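First comes the structure, then the notes that go with it.
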Amino acid sequence: MDFPRLSAREMRDLAANGEVSPTELVQASLDRIDALDGKIGAFLEVDREGALARARQLQAERVKGKEPGPLFGVPIGLKDNLSWQGHPLTCASRILEGYTASYNATAVQRLLNAGAIPVGRCNMDEFGFGASTEHSAFQKTHNPWNLDRIPGGSSGGSAAAVAARMVPLALGSDTGGSIRQPAALCGVTGLKPTYGTVSRFGLVAFASSLDQIGPLSLDVADSALAYSVISGRDRRDATSLDHPAFDEKTIGEGVQGLRIGVPQEHFDEQVHPTIRASVRAALDKLVEQGAVLVDISLPTTHLSIPTYYLVATSEASSNLARFDGIRYGHRLGAEDLLSHYMQERGTGFGEETKRRILLGVYCLSAGHFDAYYLRATKMRTLLRNEFNTAFEKVDVICGPTTPVAPYRLGEKDDDPYSLYLCDLLTAPANLTGIPGLSVPCGFDDDDMPIGMQLLGPALREARLFQVAKVWQAISKLDEPVAREVHA
Amino acid sequence: MSDKKKKSTDAAKQDPAMATVLEKYSVVIGLEVHCQLNTKTKLFCDCANEFGSPPNQNTCPVCLGHPGVLPVLNKKALHLAIQGALMFGCEIQEFSKFDRKHYFYPDLPKGYQISQFDLPFALGGTVELTDGRKCGLERIHLEEDAGKNTHQADNSIVDFNRAGVPLIEIVGLPDMETPADAHDWLENLRRALRYSGVSECDMEKGSLRCDANVSLRPIGQEEFGTKVEVKNLNSFSMVERALIYEILRQAEVLDAGSTLDQETRLFNEVEGVTKTMRKKEGATDYRYLPEPDLPPVVLTKATIGDYRSETPESHWTKKARFQADHDLSDYDAMVLTLEQDTAEFFESSHALMGDAKLVANWVMTEVLREVNESGQKLADFAMTPARLTDLLGEIQGGKVSHQGARKVFRAMVEKVDHTADALIQELGLAQISDRATLEPLVQMVVDNSAKAVKDYKNGKMKALDSMKGMVMRETKGRANPNMVSDILLEILQGLED
Amino acid sequence: MSDRNLPPLKHLALLARLDISDAEAQRLGEQLKGILEHFEALQAVDLTGVEANPYAVDIVNEPREDGPIETEQDLPRGTGILERLAPDRDGDHYRVPKMIKES
């Protein structure tokens with residue numbers, strides 16, 4: 001068994017057929033983690049005993065004749081903002097030290113029901129605030145393609161774990177690009193589904209109207225498989241759409257006649273020229289396969305950053321109000337109630353978190369709501385209308401996932417807003433609820449991965465997968481994993 | 001000023017201190033109440049909505065605000081809220097939404113309360129006072145309750161059983177002028193909500209909480225005076241007392257030429273005064289945010305129409321109807337409509353027996369007394385309308401006297417499977433209502449009461465009673481007293497001839 | 001356009017219950033000012049007639065029955081949660097420091 005070369009589907013099939021046992025798969029995953037994660041730092045916790053015990057249990061059930069689920073025996077990673085019963089849930093923040101998750105997130109439960117085996121919790125930017133995973137309170141995660149570089153964020157741990165093939169599949173979350181951007185920077189596939197298709201119950205909320213859980217994987221088929229397992233209505237999430245789980249059979253074949261929108265704003269000077277060139281080359285190849293390129297304009301793109309940050313910080317400041325060390329968390333022993341709140345939250349939250357909370361509190365405060373949050377919701381309507389107009393002319397929209405390549409760890413410490421600009425191309429999908437899929441597209445002059453993003457109308461993930469599958473087949477980006485993680 | 005308003009103000013002026021104040025100032029009172037809804041589960045999770053459970057038993061990750069949880073609206077809570085609002089004639093809104101109201105306090109798990117800010121589900125409406133005056137409502141909205149924070153010597157302890165319990169907040173317009181009116185407003189509000197089964201409105205159990213707003217302005221001045229909010233009012237009479245105190249206090253401040261602080265004060269029950277609450281820095285900024293986890297509530301006109309047709313008859317309407325249809329007095333109609341189940345019991349009984357006055361009497365006295373004494377619900381009471389009217393029928397038929405019937409009633413409560421007739425026999429209370437038996441007895445008494453007969457002939461009516469009394473004693477009280485009187489008069493008249 | 005000068009950061013920090021040092025207040029204040037300047041670009045957009053829809057999806061509320069929620073996972077109930085997680089407790093109650101009473 002060549003574990004690093006196997007997709008999740010292949011692992012599952014081998015395990016279901018009995019050629020390989022779940023225990024062997026988990027052990028292989030754990031061995032790779034032992035060998036590589038010391039340098040990469042993708043995992044905050046590795047649950048060796050639990051994963052092996054679960055593998056043995058699945059094995060025993062299989063022997064008794066239980067039908068193997070669609071992810072039977074597959075080792076997976078879970079971003080540390082997904083509630084995993086019995087395990088710590090920190091969101092990479094000190095304020096949740098001492099909290100053990102009291103229930104399984106619905107997405108986690110569905111993966112478990114499908115036979116998947118979580119092996120550990122993946123590192124992230126604290127509460128999702130960041131695009132580099134540098135804002136974790138506990139450790140840095142390194143890009144497996146070059147250990148000096150960031151893996152992207154906030155699902156940097158999940159992306160790195162998959163890129164280094166420690167697991168073939170991991171769950172992340174995406175509020176402004178936090179699955180797609182690290183997927184692009186780590187050379188893996190990342191999906192932000194249509195808002196409302198994956199239950200948010202059990203996802204620690206960052207911005208409730210923007211967050212979605214999604215898979216990071218080695219290829220498109222695994223992405224579609226994972227999405228089919230976790231999607232579908234959940235009674236515990238009032239914002240989950242009355243929609244059945246995604247059906248992989250709805251993915252069409254080929255791109256003949258498919259109209260691909262190329263937004264000029266996604267290719268302007270804010271995006272690094274190498275990245276632009278790489279995506280343009282990919283588009284040319286898709287044209288060779290029969291696709292039709294259509295020039296479109298999404299003029300509000302450049303305003304999506306202030307819009308996004310207004311909405312996101314306002315909602316985040318609200319969602320983080322519950323962290324007060326009273327019902328869970330740690331206790332500092334303050335003498336009076338006010339000091340307790342101030343110290344607990346003052347020491348528990350990292351700097352970027354505090355920055356966002358303060359910004360959010362300000363934007364929501366009396367007299368400012370109309371100018372900020374309300375105005376931002378109108379901008380969202382504008383953006384939605386823009387995309388609707390575009391999708392009348394095209395079937396999918398394609399462009400770079402990120403404007404910049406993975407920079408060095410520590411490089412962007414001073415100016416918070418420059419970090420925010422990383423979300424330029426991804427945030428619009430969160431603001432409008434449409435699905436976005438990032439797939440590996442090429443490499444830059446430093447041999448760092450470049451990602452290409454496909455956007456589609458709401459509930460049209462099948463279309464995104466369709467195009468991505470063609471691209472994957474012709475792109476020959478399946479680099480040997482040995483290129484990563486230098487000694 | 002209308003007659004009724006004047007009557008109420010005049011009553012207030014009975015108190016000389018208040019009279020002095022009312023000579024100079026117009027008083028404006030508005031009340032805000034929070035009522036817990038009669039649902040089985042909480043507003044946004046399925047924990048039990050149950051008063052008196054052991055601390056923190058009715059909690060789950062959702063109502064405790066654990067990371068990652070989400071609220072899901074309770075349909076019954078929405079239904080009850082709408083029913084309640086319709087009792088007051090509110091306009092139910094076709095579109096309403098939820099908002100987060102942020103503040104930090106240990107009993108508020110999420111650091112925000114899910115409430116309704118600018119688009120509540122009901123607007124307008126009125127509460128009718130007992131004398132018929134209508135007081136306006138501003139709005140009614142749905143929100144979740146907080147937990148209970150109890151202060152101890154060195155710390156505070158928190159019980160989250162109450163966190164997430166569904167509430168409706170009813171905001172009254174500043175429409176009242178006397179503390180007595182405020183008390184009456186609360187009584188009527190409570191009755192309406194109990195009638196519709198929306199809320200128990202029991203202040204002792206916390207299912208009804210009230211804050212009062214009161215301001216004074218010199219008579220003739222158009223602009224309202226400084227509004228003061230009074231909290232910590234745990235009974236209707238406390239509301240009244242607090243308002244009286246507060247009105248006198250405000251008048252004193254204004255008389256001295258000072259200004260009042262717009263503030264919140266707490267009523268201290270022991271001392272009977274209001275005191276400034278701990279001052280906060282400036283007005284509280286709740287940073288309202290439209291609740292992203294809950295889609296808006298959209299109701300069609302048809303749905304609202306269905307609710308309207310399902311709305312039970314209010315106690316106001318029922319009382320008026322009882323007076324008109326059954327020719328009952330104002331007082332009787334009021335007692336019978338104090339509670340929904342009393343009214344139902346009366347109507348069910350009256351459906352079985354035509355004498356409304358008789359039925360009303362017995363329901364108001366014997367039935368209610370037994371029920372109140374035993375503390376049980378009318379629905380569980382051993383005397384059903386059928387059994388009661390069975391007994392009343394025996395009275396009408398002369399089988400038993402009113403007095404005897406009272407004894408039979410108590411026996412019927414204890415022996416649930418016995419009919420009235422059976423118990424009348426068993427207790428030996430069967431009234432003698434047949435002439436053949438009574439005539440000789442009366443005759444005998446007359447024959448032996450020469451003096452009484454003579455007194456009667458001389459105009460002393462009391463002699464009749466004494467002779468009647470003798471017959472009753474002879475029959476151990478079982479003679480039909482009316483029949484005895486009739487026979488006695490006949491015989492005495494016969495003597496005259 | 002209303003006056004949108006940033007209030008003193010210590011005040012915002014108090015509203016948010018965040019203890020910050022004077023140095024942090026200084027630094028964060030400048031950063032926030034900078035970020036808010038970027039937000040100003042939104043004020044120039046003509047949004048007349050544009051609907052303000054704060055919801056991410058076009059759905060209406062479908063409330064649940066007044067009973068157990070159809071659930072795919074187990075959720076713990078009652079005092080067991082407190083026993084396992086309460087950072088400070090007094091029997092079956094969560095315990096918190098006392099509020100200072102103003103004299």
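Each chain in the structure tokens gets a letter, A, B and so on, in the order shown; residues start at 1 in every chain, and ligands are counted from 1 in the order they appear.
By only C-alpha atoms, and with residues fewer than 4 positions from Leu82 of chain A along its chain excluded, the set lying at most 9 Å from it is Leu78, Leu89, Cys91, Ala101, Asn104, Ala105, Ala107, Val108, Arg121, Leu171, Gly172, Ser173, Gly202, Leu203, Val204 and Ile213 of chain A; Gly68 of chain B.
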* Nearby residues (only C-alpha atoms) at most 12 Å from Ile20 of chain C, same-chain spacing under 2 positions excluded, as a ChimeraX atom specification -> /A:339,342-351,354-355,358 /C:9-14,16-18,22-29
* To do: Could you give me, as a PyMOL selection string, the residues within 12 Å of segment 392-397 of chain A, counting only C-alpha atoms and dropping anything in the same chain fewer than 3 positions from it?
  => chain A and resi 255-266+283+291-298+385-389+400-401+425+429+434-438+452-458+460-468
Those selected residues, please, written with N, CA and C atoms and delivered as a compact mmCIF listing (two decimals), in the first residue's frame.
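And here is the file that came out, selection.txt:
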```txt
# COMPACT_ATOMS: atom_id res chain seq x y z
N VAL A 255 -16.14 19.68 -20.69
CA VAL A 255 -16.44 21.10 -20.67
C VAL A 255 -16.84 21.63 -22.05
N GLN A 256 -17.21 20.72 -22.94
CA GLN A 256 -17.58 21.15 -24.28
C GLN A 256 -18.73 22.16 -24.23
N GLY A 257 -18.46 23.34 -24.77
CA GLY A 257 -19.50 24.37 -24.81
C GLY A 257 -19.74 25.09 -23.48
N LEU A 258 -19.05 24.69 -22.48
CA LEU A 258 -19.26 25.33 -21.18
C LEU A 258 -18.69 26.75 -21.21
N ARG A 259 -19.45 27.71 -20.74
CA ARG A 259 -19.02 29.10 -20.77
C ARG A 259 -18.34 29.46 -19.47
N ILE A 260 -17.07 29.84 -19.55
CA ILE A 260 -16.31 30.20 -18.36
C ILE A 260 -16.12 31.71 -18.33
N GLY A 261 -16.65 32.35 -17.30
CA GLY A 261 -16.51 33.80 -17.14
C GLY A 261 -15.14 34.14 -16.58
N VAL A 262 -14.47 35.12 -17.20
CA VAL A 262 -13.14 35.55 -16.74
C VAL A 262 -13.27 36.99 -16.27
N PRO A 263 -13.36 37.21 -14.94
CA PRO A 263 -13.60 38.57 -14.46
C PRO A 263 -12.33 39.40 -14.52
N GLN A 264 -12.44 40.56 -15.16
CA GLN A 264 -11.22 41.37 -15.35
C GLN A 264 -10.64 41.81 -14.02
N GLU A 265 -11.51 42.02 -13.02
CA GLU A 265 -11.02 42.48 -11.72
C GLU A 265 -10.19 41.41 -11.00
N HIS A 266 -10.37 40.15 -11.38
CA HIS A 266 -9.60 39.09 -10.74
C HIS A 266 -8.22 38.94 -11.41
N LEU A 283 -6.68 28.24 -18.24
CA LEU A 283 -7.90 28.54 -18.99
C LEU A 283 -7.71 28.20 -20.47
N ALA A 291 -14.07 24.41 -23.85
CA ALA A 291 -14.74 25.47 -23.07
C ALA A 291 -14.69 26.79 -23.84
N VAL A 292 -15.59 27.68 -23.52
CA VAL A 292 -15.65 28.99 -24.15
C VAL A 292 -15.38 30.04 -23.08
N LEU A 293 -14.43 30.92 -23.31
CA LEU A 293 -14.14 31.97 -22.33
C LEU A 293 -14.96 33.21 -22.63
N VAL A 294 -15.51 33.80 -21.60
CA VAL A 294 -16.31 35.03 -21.76
C VAL A 294 -15.77 36.08 -20.80
N ASP A 295 -15.39 37.23 -21.33
CA ASP A 295 -14.90 38.30 -20.47
C ASP A 295 -16.07 38.90 -19.72
N ILE A 296 -15.95 38.98 -18.42
CA ILE A 296 -17.00 39.62 -17.62
C ILE A 296 -16.36 40.62 -16.67
N SER A 297 -17.24 41.41 -16.05
CA SER A 297 -16.75 42.38 -15.07
C SER A 297 -17.53 42.23 -13.78
N LEU A 298 -16.80 42.24 -12.69
CA LEU A 298 -17.42 42.24 -11.36
C LEU A 298 -16.89 43.47 -10.64
N ASN A 385 -26.34 40.70 -6.89
CA ASN A 385 -26.91 41.08 -8.18
C ASN A 385 -25.87 40.98 -9.29
N GLU A 386 -24.63 41.40 -8.96
CA GLU A 386 -23.54 41.35 -9.94
C GLU A 386 -23.29 39.93 -10.38
N PHE A 387 -23.22 39.02 -9.41
CA PHE A 387 -22.98 37.62 -9.76
C PHE A 387 -24.15 37.03 -10.54
N ASN A 388 -25.38 37.37 -10.12
CA ASN A 388 -26.55 36.87 -10.84
C ASN A 388 -26.52 37.29 -12.30
N THR A 389 -26.17 38.55 -12.52
CA THR A 389 -26.08 39.06 -13.90
C THR A 389 -25.02 38.29 -14.66
N PRO A 400 -7.86 33.42 -10.31
CA PRO A 400 -6.94 32.98 -9.26
C PRO A 400 -7.67 32.90 -7.92
N THR A 401 -7.18 32.02 -7.05
CA THR A 401 -7.77 31.93 -5.70
C THR A 401 -7.24 33.05 -4.82
N LEU A 425 -10.20 37.84 -3.49
CA LEU A 425 -10.84 37.06 -4.53
C LEU A 425 -11.77 35.99 -3.96
N ALA A 429 -17.49 35.20 -2.49
CA ALA A 429 -18.32 34.00 -2.44
C ALA A 429 -18.99 33.85 -1.09
N ILE A 434 -22.46 31.94 -2.61
CA ILE A 434 -22.24 31.00 -3.72
C ILE A 434 -21.06 30.08 -3.42
N PRO A 435 -21.00 28.93 -4.09
CA PRO A 435 -19.93 27.98 -3.81
C PRO A 435 -18.64 28.36 -4.54
N GLY A 436 -17.51 28.00 -3.92
CA GLY A 436 -16.21 28.24 -4.54
C GLY A 436 -15.31 27.04 -4.36
N LEU A 437 -14.62 26.66 -5.42
CA LEU A 437 -13.73 25.50 -5.37
C LEU A 437 -12.35 25.93 -5.84
N SER A 438 -11.35 25.66 -5.02
CA SER A 438 -9.97 25.97 -5.42
C SER A 438 -9.24 24.68 -5.77
N MET A 452 -6.30 27.85 -8.52
CA MET A 452 -7.28 28.44 -9.43
C MET A 452 -8.66 28.24 -8.80
N GLN A 453 -9.46 29.29 -8.83
CA GLN A 453 -10.76 29.22 -8.17
C GLN A 453 -11.89 29.17 -9.18
N LEU A 454 -12.84 28.28 -8.94
CA LEU A 454 -14.06 28.21 -9.74
C LEU A 454 -15.22 28.65 -8.87
N LEU A 455 -16.03 29.55 -9.40
CA LEU A 455 -17.22 30.01 -8.69
C LEU A 455 -18.44 29.67 -9.52
N GLY A 456 -19.51 29.29 -8.83
CA GLY A 456 -20.73 28.96 -9.57
C GLY A 456 -21.95 29.53 -8.88
N PRO A 457 -23.12 29.43 -9.54
CA PRO A 457 -24.34 29.88 -8.87
C PRO A 457 -24.62 29.00 -7.66
N ALA A 458 -25.45 29.49 -6.76
CA ALA A 458 -25.77 28.72 -5.57
C ALA A 458 -26.28 27.34 -5.95
N ARG A 460 -24.79 24.93 -7.33
CA ARG A 460 -24.26 24.35 -8.57
C ARG A 460 -22.87 23.77 -8.37
N GLU A 461 -22.64 23.12 -7.21
CA GLU A 461 -21.33 22.52 -6.99
C GLU A 461 -21.00 21.50 -8.09
N ALA A 462 -22.03 20.84 -8.59
CA ALA A 462 -21.78 19.81 -9.62
C ALA A 462 -21.04 20.42 -10.81
N ARG A 463 -21.42 21.64 -11.14
CA ARG A 463 -20.78 22.30 -12.28
C ARG A 463 -19.31 22.59 -12.01
N LEU A 464 -19.04 23.01 -10.75
CA LEU A 464 -17.65 23.30 -10.38
C LEU A 464 -16.82 22.02 -10.45
N PHE A 465 -17.39 20.95 -9.91
CA PHE A 465 -16.67 19.67 -9.93
C PHE A 465 -16.43 19.21 -11.37
N GLN A 466 -17.40 19.47 -12.20
CA GLN A 466 -17.30 19.05 -13.60
C GLN A 466 -16.08 19.69 -14.27
N VAL A 467 -15.96 21.00 -14.12
CA VAL A 467 -14.83 21.70 -14.74
C VAL A 467 -13.53 21.28 -14.08
N ALA A 468 -13.55 21.21 -12.76
CA ALA A 468 -12.33 20.87 -12.03
C ALA A 468 -11.82 19.48 -12.38
```
For chain A against chain B, with a cut-off of 9 Å and counting only C-alpha atoms, what is the closest atom pair and its distance in Å to one decimal for every residue that makes the cut, ordered by chain and number, as a Markdown table?
```
| residue | atom | partner | partner_atom | distance |
| --- | --- | --- | --- | --- |
| A:Asn81 | CA | B:Gly68 | CA | 8.2 |
| A:Leu82 | CA | B:Gly68 | CA | 7.7 |
| A:Ser83 | CA | B:Gly68 | CA | 7.0 |
| A:Leu89 | CA | B:Pro67 | CA | 8.5 |
| A:Ala101 | CA | B:Pro67 | CA | 8.2 |
| A:Ser102 | CA | B:Pro61 | CA | 7.2 |
| A:Tyr103 | CA | B:Pro61 | CA | 8.1 |
| A:Ala105 | CA | B:Gly68 | CA | 7.7 |
| A:Arg200 | CA | B:Gly68 | CA | 7.5 |
| A:Phe201 | CA | B:Val69 | CA | 5.6 |
| A:Gly202 | CA | B:Gly68 | CA | 4.1 |
| A:Leu203 | CA | B:Gly68 | CA | 4.6 |
| A:Val204 | CA | B:Gly68 | CA | 4.0 |
| A:Ala205 | CA | B:Gly68 | CA | 5.9 |
| A:Ala207 | CA | B:Pro292 | CA | 8.8 |
| A:Ser208 | CA | B:Pro292 | CA | 5.9 |
| A:Ser209 | CA | B:Pro292 | CA | 5.6 |
| A:Arg235 | CA | B:Val72 | CA | 7.9 |
| A:Arg236 | CA | B:Val72 | CA | 6.4 |
| A:Asp237 | CA | B:Leu70 | CA | 6.1 |
| A:Ala238 | CA | B:Val72 | CA | 5.7 |
| A:Thr239 | CA | B:Asp293 | CA | 6.1 |
| A:Ser314 | CA | B:Leu289 | CA | 8.4 |
| A:Glu315 | CA | B:Leu289 | CA | 8.0 |
| A:Ser318 | CA | B:His102 | CA | 7.5 |
| A:Asn319 | CA | B:Lys110 | CA | 7.8 |
| A:Leu320 | CA | B:Gly111 | CA | 8.2 |
| A:Ala321 | CA | B:Gly111 | CA | 4.8 |
| A:Arg322 | CA | B:Lys110 | CA | 4.2 |
| A:Phe323 | CA | B:Lys110 | CA | 7.9 |
| A:Asp324 | CA | B:Gly111 | CA | 8.4 |
| A:Ile326 | CA | B:Pro106 | CA | 7.1 |
| A:Arg327 | CA | B:Leu64 | CA | 7.4 |
| A:Tyr328 | CA | B:His66 | CA | 8.0 |
| A:Asp336 | CA | B:Asn155 | CA | 8.4 |
| A:Leu337 | CA | B:Pro106 | CA | 8.6 |
| A:Tyr341 | CA | B:Phe104 | CA | 8.4 |
| A:Val361 | CA | B:Arg287 | CA | 7.5 |
| A:Tyr362 | CA | B:Arg287 | CA | 9.0 |
| A:Cys363 | CA | B:Arg287 | CA | 8.8 |
| A:Leu364 | CA | B:Arg287 | CA | 5.1 |
| A:Ser365 | CA | B:Arg287 | CA | 5.0 |
| A:Ala366 | CA | B:Asp285 | CA | 6.2 |
| A:Phe369 | CA | B:Arg287 | CA | 8.0 |
| A:Tyr373 | CA | B:Leu289 | CA | 8.6 |
```
* **Distance query segment 24-37 of chain A at most 8 Å, only C-alpha atoms, self and fewer than 5 positions along chain excluded, as a ChimeraX atom specification** => /A:3,11,42-43,48,51-52,55,73-75,117,119,164-167,485
* To do: Output as a PyMOL selection string the set of chain C residues within 8 Å of chain A, with distances taken over only C-alpha atoms.
  => chain C and resi 4+6+12-20+28+31-32+35+38-39+41-43+47+50-57+59+61-62+69-76+81-82+85-88+94-100
* To do: Skip Met334 of chain B itself and residues of its chain fewer than 3 positions away, then list as a ChimeraX atom specification all residues within 12 Å of it, counting only C-alpha atoms.
  => /B:130-131,188,191,315-323,328-331,337-340,342-343,360,364
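Counting only C-alpha atoms, the residue from A:Ser217, A:Phe127, A:Leu409, A:Arg94 that sits nearest to Leu147 of chain A is A:Leu409.
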* To do: Run DSSP on the backbone and give me the residues of segment 27-237 of chain B it puts in strand (DSSP E or B), as a PyMOL selection string.
  => chain B and resi 27-36+41+48+74+91-92+95-96+99-102+112-115+122-123+126-128+134-144+148-151+155-159+166-172+176+208-218+228-233
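Pairwise distance (atom CA of Lys476 of chain A, atom CA of Met448 of chain A) equals 15.8 Å.
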* To do: as a ChimeraX atom specification, list the residues of segment 188-419 of chain A assigned to alpha helix (DSSP H) by DSSP on the backbone atoms of this structure.
  => /A:220-230,273-288,304-319,337-348,351-364,375-393,416-419
